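Undergrad: Structure provided below as structure tokens; questions to follow.
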Amino acid sequence: MSDSAESEARAATAALIRDYYAAFNGGNTDGMLAFLTDDVIHDVNQGERREGIEKFRAFNARMTHNYKEELKDIVVLVSKDGKRAAAEFNVHGVYKNTEEGLPDAVGQTYVLPAGTFFAIRDGKISRVTTYYNLTDWIAQVAG
């Protein structure tokens, strides 16, 4: 890959990730889904792997029901070839409805550092792997 092709690939991937998070922050789940491959792999720490866009849609529906979140201070990093990316950010959220196995929700607010790793294929996101400190989140909403 030439230097200019690599530069274009990096720029396209960075824009893809920023647009994905703009859709997230706008509460636009369908917009988020438009950036994913149909066979997307979704991993979240403390949870099982989900494969396919319909499972990602169901996860987002559950999250939207239980939480109101906005991502701030987003930093996007992209590999030289544009096939992988990472983002670091702070989740500013409200815990709206109780999630099974977690503390009761009474509208608690939280700020939680998090990060996501992405794989890119054919101009779309083919893997989303998110990490955060669940113990920190529980301490914030339980106390």
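Every chain in the structure tokens takes a letter, A first, then B, and so on in the order presented; its residues are numbered from 1, and the ligands are numbered from 1 following the presented order.
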Give me, as CSV, the closest atom pair and its distance (Å, one decimal) for every residue of range 15-111 of chain A within a cut-off of 10 Å of range 115-137 of chain A, counting only C-alpha atoms, rows sorted by chain and rising number.

TA:
residue,atom,partner,partner_atom,distance
A:Leu16,CA,A:Lys124,CA,7.5
A:Ile17,CA,A:Ile125,CA,8.3
A:Tyr20,CA,A:Ile125,CA,9.1
A:Met32,CA,A:Ile125,CA,9.9
A:Leu33,CA,A:Ile125,CA,9.4
A:Ala34,CA,A:Lys124,CA,8.4
A:Phe35,CA,A:Lys124,CA,5.4
A:Leu36,CA,A:Ile125,CA,4.6
A:Thr37,CA,A:Ser126,CA,5.3
A:Asp38,CA,A:Ser126,CA,8.1
A:Asp39,CA,A:Ser126,CA,6.9
A:Val40,CA,A:Ser126,CA,4.5
A:Ile41,CA,A:Arg127,CA,4.6
A:His42,CA,A:Val128,CA,4.9
A:Asp43,CA,A:Thr129,CA,4.6
A:Val44,CA,A:Thr130,CA,4.9
A:Asn45,CA,A:Tyr131,CA,5.4
A:Gln46,CA,A:Leu134,CA,7.8
A:Arg49,CA,A:Thr129,CA,9.2
A:Arg50,CA,A:Val128,CA,9.9
A:Glu51,CA,A:Arg127,CA,9.1
A:Gly52,CA,A:Ser126,CA,9.4
A:Ile53,CA,A:Ser126,CA,9.8
A:Phe56,CA,A:Val128,CA,9.8
A:Ile74,CA,A:Gly115,CA,9.2
A:Val75,CA,A:Gly115,CA,9.4
A:Val76,CA,A:Thr116,CA,9.5
A:Leu77,CA,A:Phe117,CA,9.5
A:Val78,CA,A:Phe118,CA,9.2
A:Gly82,CA,A:Ile120,CA,7.4
A:Lys83,CA,A:Ile120,CA,4.8
A:Arg84,CA,A:Ala119,CA,4.6
A:Ala85,CA,A:Phe118,CA,5.0
A:Ala86,CA,A:Phe117,CA,4.4
A:Ala87,CA,A:Thr116,CA,5.3
A:Glu88,CA,A:Gly115,CA,4.3
A:Phe89,CA,A:Gly115,CA,6.2
A:Asn90,CA,A:Gly115,CA,8.4
A:Val91,CA,A:Tyr132,CA,9.5
A:Thr109,CA,A:Trp137,CA,9.8
A:Tyr110,CA,A:Trp137,CA,7.1
A:Val111,CA,A:Trp137,CA,8.0

Undergrad: From range 7-108 of chain A, collect each residue whose DSSP state is helix (DSSP H, G or I) and return the set as a PyMOL selection string.

TA: chain A and resi 7-25+29-33+53-66

Undergrad: Please save N, CA, C and O atoms of the selected residues as a short mmCIF file (atom, residue, chain, number, x, y, z; two decimals), in the first residue's frame.

TA:
data_model
loop_
_atom_site.label_atom_id
_atom_site.label_comp_id
_atom_site.auth_asym_id
_atom_site.auth_seq_id
_atom_site.Cartn_x
_atom_site.Cartn_y
_atom_site.Cartn_z
N SER A 7 -2.65 6.73 3.99
CA SER A 7 -3.19 7.96 4.57
C SER A 7 -4.69 8.06 4.34
O SER A 7 -5.45 8.41 5.25
N GLU A 8 -5.14 7.72 3.14
CA GLU A 8 -6.57 7.74 2.82
C GLU A 8 -7.32 6.69 3.64
O GLU A 8 -8.43 6.95 4.12
N ALA A 9 -6.74 5.50 3.78
CA ALA A 9 -7.38 4.43 4.56
C ALA A 9 -7.52 4.84 6.03
O ALA A 9 -8.56 4.63 6.64
N ARG A 10 -6.46 5.43 6.58
CA ARG A 10 -6.51 5.90 7.97
C ARG A 10 -7.59 6.97 8.14
O ARG A 10 -8.36 6.94 9.09
N ALA A 11 -7.63 7.92 7.22
CA ALA A 11 -8.61 9.00 7.31
C ALA A 11 -10.04 8.46 7.20
O ALA A 11 -10.94 8.89 7.94
N ALA A 12 -10.25 7.52 6.28
CA ALA A 12 -11.59 6.94 6.12
C ALA A 12 -12.02 6.19 7.37
O ALA A 12 -13.18 6.29 7.81
N THR A 13 -11.10 5.44 7.96
CA THR A 13 -11.42 4.69 9.18
C THR A 13 -11.69 5.63 10.34
O THR A 13 -12.65 5.44 11.09
N ALA A 14 -10.88 6.67 10.49
CA ALA A 14 -11.11 7.65 11.56
C ALA A 14 -12.48 8.30 11.41
O ALA A 14 -13.22 8.45 12.39
N ALA A 15 -12.84 8.65 10.19
CA ALA A 15 -14.16 9.26 9.94
C ALA A 15 -15.28 8.27 10.25
O ALA A 15 -16.31 8.65 10.83
N LEU A 16 -15.10 7.00 9.89
CA LEU A 16 -16.08 5.96 10.17
C LEU A 16 -16.33 5.85 11.67
O LEU A 16 -17.49 5.82 12.12
N ILE A 17 -15.27 5.80 12.46
CA ILE A 17 -15.41 5.67 13.91
C ILE A 17 -16.06 6.92 14.50
O ILE A 17 -16.96 6.82 15.35
N ARG A 18 -15.66 8.10 14.05
CA ARG A 18 -16.27 9.33 14.56
C ARG A 18 -17.76 9.39 14.21
O ARG A 18 -18.59 9.79 15.04
N ASP A 19 -18.12 8.98 13.00
CA ASP A 19 -19.53 8.97 12.59
C ASP A 19 -20.33 7.95 13.41
O ASP A 19 -21.48 8.21 13.80
N TYR A 20 -19.73 6.81 13.70
CA TYR A 20 -20.36 5.79 14.53
C TYR A 20 -20.68 6.36 15.92
O TYR A 20 -21.79 6.21 16.43
N TYR A 21 -19.71 7.05 16.51
CA TYR A 21 -19.93 7.63 17.83
C TYR A 21 -20.86 8.83 17.79
O TYR A 21 -21.60 9.08 18.75
N ALA A 22 -20.88 9.58 16.70
CA ALA A 22 -21.85 10.67 16.56
C ALA A 22 -23.27 10.09 16.56
O ALA A 22 -24.18 10.66 17.19
N ALA A 23 -23.46 8.96 15.88
CA ALA A 23 -24.77 8.30 15.89
C ALA A 23 -25.11 7.83 17.31
O ALA A 23 -26.24 8.01 17.78
N PHE A 24 -24.13 7.25 18.01
CA PHE A 24 -24.34 6.82 19.40
C PHE A 24 -24.79 8.00 20.24
O PHE A 24 -25.81 7.94 20.94
N ASN A 25 -24.02 9.09 20.20
CA ASN A 25 -24.34 10.25 21.04
C ASN A 25 -25.66 10.90 20.64
O ASN A 25 -26.31 11.53 21.47
N THR A 29 -29.68 4.58 16.95
CA THR A 29 -29.25 3.18 16.86
C THR A 29 -29.21 2.71 15.42
O THR A 29 -28.26 2.03 15.01
N ASP A 30 -30.22 3.05 14.61
CA ASP A 30 -30.20 2.64 13.21
C ASP A 30 -29.00 3.23 12.49
O ASP A 30 -28.40 2.58 11.63
N GLY A 31 -28.65 4.45 12.84
CA GLY A 31 -27.46 5.07 12.26
C GLY A 31 -26.21 4.31 12.61
O GLY A 31 -25.34 4.10 11.76
N MET A 32 -26.11 3.86 13.85
CA MET A 32 -24.97 3.05 14.27
C MET A 32 -24.90 1.76 13.47
O MET A 32 -23.83 1.37 13.00
N LEU A 33 -26.05 1.12 13.30
CA LEU A 33 -26.09 -0.16 12.59
C LEU A 33 -25.65 -0.02 11.14
O LEU A 33 -25.07 -0.95 10.58
N ILE A 53 -25.66 -8.58 13.17
CA ILE A 53 -26.22 -7.25 13.38
C ILE A 53 -27.51 -7.29 14.20
O ILE A 53 -27.79 -6.36 14.96
N GLU A 54 -28.29 -8.37 14.11
CA GLU A 54 -29.52 -8.44 14.89
C GLU A 54 -29.24 -8.56 16.39
O GLU A 54 -29.96 -7.99 17.20
N LYS A 55 -28.20 -9.29 16.75
CA LYS A 55 -27.83 -9.37 18.17
C LYS A 55 -27.29 -8.02 18.67
O LYS A 55 -27.52 -7.64 19.81
N PHE A 56 -26.58 -7.32 17.79
CA PHE A 56 -26.09 -5.98 18.15
C PHE A 56 -27.29 -5.05 18.35
O PHE A 56 -27.33 -4.27 19.30
N ARG A 57 -28.29 -5.15 17.48
CA ARG A 57 -29.50 -4.33 17.60
C ARG A 57 -30.20 -4.61 18.94
O ARG A 57 -30.62 -3.69 19.64
N ALA A 58 -30.33 -5.88 19.30
CA ALA A 58 -30.99 -6.26 20.55
C ALA A 58 -30.21 -5.74 21.75
O ALA A 58 -30.80 -5.25 22.73
N PHE A 59 -28.88 -5.83 21.70
CA PHE A 59 -28.05 -5.30 22.78
C PHE A 59 -28.30 -3.79 22.92
O PHE A 59 -28.48 -3.29 24.03
N ASN A 60 -28.30 -3.08 21.82
CA ASN A 60 -28.52 -1.63 21.87
C ASN A 60 -29.90 -1.28 22.43
O ASN A 60 -30.05 -0.31 23.17
N ALA A 61 -30.91 -2.08 22.09
CA ALA A 61 -32.25 -1.83 22.62
C ALA A 61 -32.25 -1.98 24.14
O ALA A 61 -32.85 -1.15 24.85
N ARG A 62 -31.58 -3.01 24.64
CA ARG A 62 -31.51 -3.21 26.10
C ARG A 62 -30.76 -2.06 26.76
O ARG A 62 -31.18 -1.53 27.79
N MET A 63 -29.65 -1.67 26.14
CA MET A 63 -28.86 -0.57 26.70
C MET A 63 -29.66 0.73 26.71
O MET A 63 -29.63 1.48 27.69
N THR A 64 -30.36 1.02 25.64
CA THR A 64 -31.16 2.25 25.55
C THR A 64 -32.26 2.25 26.61
O THR A 64 -32.57 3.29 27.18
N HIS A 65 -32.84 1.09 26.89
CA HIS A 65 -33.87 0.99 27.91
C HIS A 65 -33.30 1.25 29.31
O HIS A 65 -33.93 1.93 30.12
N ASN A 66 -32.10 0.74 29.58
CA ASN A 66 -31.55 0.78 30.93
C ASN A 66 -30.64 1.98 31.22
O ASN A 66 -30.45 2.33 32.38
#

Undergrad: I'd like to know which of A:Gln108, A:Ala114, A:Glu69, A:Ser79 is closest to His92 in chain A, using only C-alpha atoms.

TA: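 Comparing A:Gln108, A:Ala114, A:Glu69, A:Ser79 against His92 in chain A, the winner is A:Glu69.
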
Undergrad: Identify all residues of chain A in strand (DSSP E or B) (DSSP on the backbone) and supply them as a PyMOL selection string.

TA: chain A and resi 36-44+50-51+67-78+84-95+108-121+124-132

Undergrad: Counting only C-alpha atoms, which residue out of A:Lys72, A:Asn28, A:Asp81, A:Tyr67 sits closest to Glu99 in chain A?

TA: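 Of all the options, A:Tyr67 lies closest to Glu99 in chain A.
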
Undergrad: Mind pulling up the distance from CA of Asn97 in chain A to CA of Gly143 in chain A?

TA: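 Those two atoms sit 16.5 Å apart.
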